[in-house]
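Below you'll find the structure, written out as structure tokens, and then a few comments.
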Amino acid sequence: MSNVVQITQCRRVLLALVLIALVVTGFAQQTKHSTRNSNNQLNVNWLYGSYVPKDAELRSLNGQERFTLYLRQTYLTPGIYVKTTFFALRDQIADSNPEWGENLGGFAKRLGNRQAQFIIQNSLTSLGDGVLGWEPRYDRCRCDRFWPRTRHAVLRNLVTYDRTERSLRPQLMPYVSAFSASAVATTWQPGNPSWQIKGYQAVITQVFVGAGINWIGEFAPEITRVLRRKKRNKTATP
């Protein structure tokens with residue numbers, strides 16, 4: 001595939017992402033009221049995503065709340081763009097898809113490639129969980145101590161609740177969507193990569209990244225307190 005064709009495809013992807021962001025911003029204005037009334041149910045952190053606080057009721061989301069959560073997780077929270085940039089920089093350093101080059105144009109292609117994959121993955125996960133009525137958020141453990149909470153964080157990367165918020169189901173959608181997004185991405189990546197291999201690699205990445213994100217979300221209150229205490233002590237030191 002020629003460089004001209006690759007650049008054209010990259011521009012089309014980036015343009016599509018911009019248009020999607022503009023459309024979603026309009027939807028966000030319509031869902032703002034719903035977000036305000038469901039404050040404890042629709043928490044989205046820029047780093048570790050959606051979560052239910054330890055002291056909040058864990059209840060099943062309705063369709064409007066699920067859509068609002070999808071918008072916030074996929075388009076309206078800085079974390080998705082931080083995540084995209086981080087993975088794109090890693091791809092740039094590793095010179096993945098070397099046909100794209102190592103210049104700014106190559107980075108733009110890698111950035112568009114990652115952003116498109118994350119949008120596809122989040123969209124499929126939200127759609128699948130919505131159809132099945134499964135829980136899309138991470139619920140912080142109603143327990144104490146380090147190891148029980150760590151176990152909870154790892155386990156919630158493997159199972160989730162159904163609409164009753166009591167019965168557990170296998171956490172399928174993040175893995176199905178990770179495989180699907182990476183497989184779809186091979187249609188525009190150079191070198192005719194194997195969609196099976198790319199999908200498998202994405203699933204393995206989801207195992208470790210998902211567990212790590214849950215762990216950070218579980219211990220985020222303690223981590224934040226430690227960081228704030230260190231900051232205050234540093235400021236108070238003459």
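Identifiers in this document derive from the order of the structure tokens: chains are assigned A, B, ..., residues are numbered from 1 separately in each chain, and ligands are numbered from 1 in order of occurrence.
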Residues within 9 Å of A:Ala211, please, as a PyMOL selection string. Count only C-alpha atoms; anything in the same chain fewer than 6 positions from it doesn't count.
chain A and resi 153-158
Using only C-alpha atoms, I'd like a table of the residues in stretch 77-136 of chain A that come within 8 Å of stretch 165-181 of chain A; for each, show the closest atom pair and its distance in Å rounded to one decimal, ordered by chain and ascending number, as JSON lines.
```
{"residue": "A:Gln117", "atom": "CA", "partner": "A:Ala181", "partner_atom": "CA", "distance": 5.1}
{"residue": "A:Phe118", "atom": "CA", "partner": "A:Ala181", "partner_atom": "CA", "distance": 7.4}
{"residue": "A:Ile120", "atom": "CA", "partner": "A:Ala181", "partner_atom": "CA", "distance": 5.6}
{"residue": "A:Gln121", "atom": "CA", "partner": "A:Ser177", "partner_atom": "CA", "distance": 4.7}
{"residue": "A:Asn122", "atom": "CA", "partner": "A:Ser177", "partner_atom": "CA", "distance": 7.4}
{"residue": "A:Leu124", "atom": "CA", "partner": "A:Ser177", "partner_atom": "CA", "distance": 5.5}
{"residue": "A:Thr125", "atom": "CA", "partner": "A:Met173", "partner_atom": "CA", "distance": 5.0}
{"residue": "A:Gly128", "atom": "CA", "partner": "A:Met173", "partner_atom": "CA", "distance": 6.2}
{"residue": "A:Asp129", "atom": "CA", "partner": "A:Met173", "partner_atom": "CA", "distance": 6.7}
{"residue": "A:Trp134", "atom": "CA", "partner": "A:Arg169", "partner_atom": "CA", "distance": 7.9}
{"residue": "A:Glu135", "atom": "CA", "partner": "A:Glu165", "partner_atom": "CA", "distance": 7.4}
```
File dump, residues just selected, N, CA and C atoms, as a PDB file, in the first residue's frame:
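Final output, selection_0.pdb:
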```pdb
ATOM      1  N   GLN A 117      -9.452   1.850  17.874  1.00  0.00           N
ATOM      2  CA  GLN A 117      -9.601   0.566  18.571  1.00  0.00           C
ATOM      3  C   GLN A 117     -10.291   0.739  19.922  1.00  0.00           C
ATOM      4  N   PHE A 118      -9.914   1.784  20.666  1.00  0.00           N
ATOM      5  CA  PHE A 118     -10.519   1.987  21.976  1.00  0.00           C
ATOM      6  C   PHE A 118     -12.001   2.337  21.856  1.00  0.00           C
ATOM      7  N   ILE A 120     -14.024   1.349  19.401  1.00  0.00           N
ATOM      8  CA  ILE A 120     -14.697   0.103  19.039  1.00  0.00           C
ATOM      9  C   ILE A 120     -14.833  -0.796  20.265  1.00  0.00           C
ATOM     10  N   GLN A 121     -13.751  -0.921  21.036  1.00  0.00           N
ATOM     11  CA  GLN A 121     -13.777  -1.789  22.214  1.00  0.00           C
ATOM     12  C   GLN A 121     -14.795  -1.310  23.235  1.00  0.00           C
ATOM     13  N   ASN A 122     -14.773  -0.020  23.563  1.00  0.00           N
ATOM     14  CA  ASN A 122     -15.731   0.509  24.540  1.00  0.00           C
ATOM     15  C   ASN A 122     -17.166   0.394  24.048  1.00  0.00           C
ATOM     16  N   LEU A 124     -18.465  -1.832  21.899  1.00  0.00           N
ATOM     17  CA  LEU A 124     -18.929  -3.223  21.934  1.00  0.00           C
ATOM     18  C   LEU A 124     -19.156  -3.696  23.370  1.00  0.00           C
ATOM     19  N   THR A 125     -18.280  -3.282  24.291  1.00  0.00           N
ATOM     20  CA  THR A 125     -18.454  -3.667  25.688  1.00  0.00           C
ATOM     21  C   THR A 125     -19.750  -3.097  26.250  1.00  0.00           C
ATOM     22  N   GLY A 128     -22.787  -4.856  24.545  1.00  0.00           N
ATOM     23  CA  GLY A 128     -22.979  -6.224  25.027  1.00  0.00           C
ATOM     24  C   GLY A 128     -23.506  -6.282  26.453  1.00  0.00           C
ATOM     25  N   ASP A 129     -22.901  -5.466  27.342  1.00  0.00           N
ATOM     26  CA  ASP A 129     -23.381  -5.445  28.725  1.00  0.00           C
ATOM     27  C   ASP A 129     -24.807  -4.913  28.811  1.00  0.00           C
ATOM     28  N   TRP A 134     -25.791  -6.801  32.118  1.00  0.00           N
ATOM     29  CA  TRP A 134     -24.694  -7.048  33.046  1.00  0.00           C
ATOM     30  C   TRP A 134     -24.082  -5.740  33.516  1.00  0.00           C
ATOM     31  N   GLU A 135     -23.387  -5.805  34.648  1.00  0.00           N
ATOM     32  CA  GLU A 135     -22.812  -4.641  35.302  1.00  0.00           C
ATOM     33  C   GLU A 135     -21.537  -4.176  34.586  1.00  0.00           C
TER      34      GLU A 135
END
```
List every residue of stretch 40-99 of chain A that DSSP, applied to the backbone of this structure, places in strand (DSSP E), and write the result as a ChimeraX atom specification.
/A:43-45,49-52
Grab the residues selected above and save them as a PDB file, in the first residue's frame with C-alpha atoms.
```pdb
ATOM      1  CA  ASN A  43     -18.616   8.021  38.644  1.00  0.00           C
ATOM      2  CA  VAL A  44     -15.905   7.989  35.986  1.00  0.00           C
ATOM      3  CA  ASN A  45     -12.302   8.613  36.981  1.00  0.00           C
ATOM      4  CA  GLY A  49     -12.716   4.467  34.616  1.00  0.00           C
ATOM      5  CA  SER A  50     -16.189   3.881  36.055  1.00  0.00           C
ATOM      6  CA  TYR A  51     -16.687   2.719  39.626  1.00  0.00           C
ATOM      7  CA  VAL A  52     -19.218   2.461  42.441  1.00  0.00           C
TER       8      VAL A  52
END
```
Under the rule that only C-alpha atoms are counted, which of A:Ile197, A:Leu69, A:Cys143, A:Ala185 is the nearest residue to A:Glu218?
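Looking only at the distances to A:Glu218, the closest residue turns out to be A:Cys143.
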From atom CA of A:Tyr138 to atom CA of A:Arg228 the spacing works out at 24.0 Å
A:Asp91: which residues within 12 Å, counting only C-alpha atoms, same-chain residues fewer than 2 positions away excluded, as a PDB file with N, CA and C atoms, in the first residue's frame?
```pdb
ATOM      1  N   THR A  84      -4.930   6.599  25.024  1.00  0.00           N
ATOM      2  CA  THR A  84      -4.606   6.529  23.602  1.00  0.00           C
ATOM      3  C   THR A  84      -3.207   7.042  23.337  1.00  0.00           C
ATOM      4  N   THR A  85      -2.879   8.208  23.910  1.00  0.00           N
ATOM      5  CA  THR A  85      -1.565   8.811  23.692  1.00  0.00           C
ATOM      6  C   THR A  85      -0.461   7.926  24.237  1.00  0.00           C
ATOM      7  N   PHE A  86      -0.680   7.339  25.430  1.00  0.00           N
ATOM      8  CA  PHE A  86       0.336   6.472  26.029  1.00  0.00           C
ATOM      9  C   PHE A  86       0.633   5.276  25.132  1.00  0.00           C
ATOM     10  N   PHE A  87      -0.411   4.588  24.670  1.00  0.00           N
ATOM     11  CA  PHE A  87      -0.204   3.426  23.819  1.00  0.00           C
ATOM     12  C   PHE A  87       0.378   3.820  22.460  1.00  0.00           C
ATOM     13  N   ALA A  88      -0.024   4.982  21.937  1.00  0.00           N
ATOM     14  CA  ALA A  88       0.522   5.444  20.660  1.00  0.00           C
ATOM     15  C   ALA A  88       2.004   5.767  20.792  1.00  0.00           C
ATOM     16  N   LEU A  89       2.395   6.378  21.916  1.00  0.00           N
ATOM     17  CA  LEU A  89       3.816   6.656  22.154  1.00  0.00           C
ATOM     18  C   LEU A  89       4.611   5.363  22.276  1.00  0.00           C
ATOM     19  N   ILE A  93       7.693   4.339  19.852  1.00  0.00           N
ATOM     20  CA  ILE A  93       9.023   3.963  20.323  1.00  0.00           C
ATOM     21  C   ILE A  93       9.405   2.573  19.820  1.00  0.00           C
ATOM     22  N   ALA A  94       8.436   1.648  19.838  1.00  0.00           N
ATOM     23  CA  ALA A  94       8.695   0.285  19.380  1.00  0.00           C
ATOM     24  C   ALA A  94       8.683   0.174  17.856  1.00  0.00           C
ATOM     25  N   ASP A  95       8.309   1.262  17.175  1.00  0.00           N
ATOM     26  CA  ASP A  95       8.214   1.290  15.708  1.00  0.00           C
ATOM     27  C   ASP A  95       7.297   0.182  15.190  1.00  0.00           C
ATOM     28  N   SER A  96       6.142   0.028  15.868  1.00  0.00           N
ATOM     29  CA  SER A  96       5.153  -0.929  15.380  1.00  0.00           C
ATOM     30  C   SER A  96       4.588  -0.430  14.060  1.00  0.00           C
ATOM     31  N   ASN A  97       4.259  -1.364  13.186  1.00  0.00           N
ATOM     32  CA  ASN A  97       3.861  -1.013  11.816  1.00  0.00           C
ATOM     33  C   ASN A  97       4.892  -0.060  11.206  1.00  0.00           C
ATOM     34  N   PRO A  98       6.116  -0.533  10.993  1.00  0.00           N
ATOM     35  CA  PRO A  98       7.199   0.340  10.513  1.00  0.00           C
ATOM     36  C   PRO A  98       6.897   1.021   9.183  1.00  0.00           C
ATOM     37  N   TRP A 100       4.551   2.811   8.565  1.00  0.00           N
ATOM     38  CA  TRP A 100       4.004   4.139   8.850  1.00  0.00           C
ATOM     39  C   TRP A 100       5.093   5.171   9.105  1.00  0.00           C
ATOM     40  N   GLY A 101       6.316   4.718   9.321  1.00  0.00           N
ATOM     41  CA  GLY A 101       7.418   5.654   9.530  1.00  0.00           C
ATOM     42  C   GLY A 101       7.554   6.088  10.979  1.00  0.00           C
ATOM     43  N   GLU A 102       8.633   6.831  11.251  1.00  0.00           N
ATOM     44  CA  GLU A 102       8.933   7.268  12.609  1.00  0.00           C
ATOM     45  C   GLU A 102       8.752   8.774  12.788  1.00  0.00           C
ATOM     46  N   GLY A 106       3.732   9.321  11.069  1.00  0.00           N
ATOM     47  CA  GLY A 106       3.617   7.973  11.596  1.00  0.00           C
ATOM     48  C   GLY A 106       2.961   7.946  12.960  1.00  0.00           C
ATOM     49  N   PHE A 107       3.309   8.931  13.797  1.00  0.00           N
ATOM     50  CA  PHE A 107       2.685   8.998  15.119  1.00  0.00           C
ATOM     51  C   PHE A 107       1.186   9.278  14.997  1.00  0.00           C
ATOM     52  N   ALA A 108       0.808  10.146  14.054  1.00  0.00           N
ATOM     53  CA  ALA A 108      -0.609  10.452  13.851  1.00  0.00           C
ATOM     54  C   ALA A 108      -1.380   9.202  13.451  1.00  0.00           C
ATOM     55  N   LYS A 109      -0.773   8.371  12.618  1.00  0.00           N
ATOM     56  CA  LYS A 109      -1.433   7.123  12.216  1.00  0.00           C
ATOM     57  C   LYS A 109      -1.586   6.177  13.398  1.00  0.00           C
ATOM     58  N   ARG A 110      -0.549   6.078  14.207  1.00  0.00           N
ATOM     59  CA  ARG A 110      -0.616   5.195  15.369  1.00  0.00           C
ATOM     60  C   ARG A 110      -1.629   5.720  16.385  1.00  0.00           C
ATOM     61  N   LEU A 111      -1.697   7.038  16.523  1.00  0.00           N
ATOM     62  CA  LEU A 111      -2.666   7.636  17.434  1.00  0.00           C
ATOM     63  C   LEU A 111      -4.097   7.361  16.954  1.00  0.00           C
ATOM     64  N   GLY A 112      -4.343   7.563  15.663  1.00  0.00           N
ATOM     65  CA  GLY A 112      -5.659   7.280  15.109  1.00  0.00           C
ATOM     66  C   GLY A 112      -6.011   5.801  15.205  1.00  0.00           C
ATOM     67  N   ASN A 113      -5.011   4.943  14.993  1.00  0.00           N
ATOM     68  CA  ASN A 113      -5.215   3.499  15.088  1.00  0.00           C
ATOM     69  C   ASN A 113      -5.656   3.100  16.494  1.00  0.00           C
ATOM     70  N   ARG A 114      -4.972   3.616  17.502  1.00  0.00           N
ATOM     71  CA  ARG A 114      -5.304   3.284  18.888  1.00  0.00           C
ATOM     72  C   ARG A 114      -6.657   3.865  19.295  1.00  0.00           C
TER      73      ARG A 114
END
```
According to DSSP computed on the backbone, where in stretch 43-224 of chain A is there helix (DSSP H, G or I)? Give the residues as a ChimeraX atom specification.
/A:63-76,78-94,98-100,104-132,146-155,173-185,195-224
From A:Arg137, A:Lys83, A:Arg90, A:Lys230, residue lying nearest A:Val159 [only C-alpha atoms]
A:Arg137
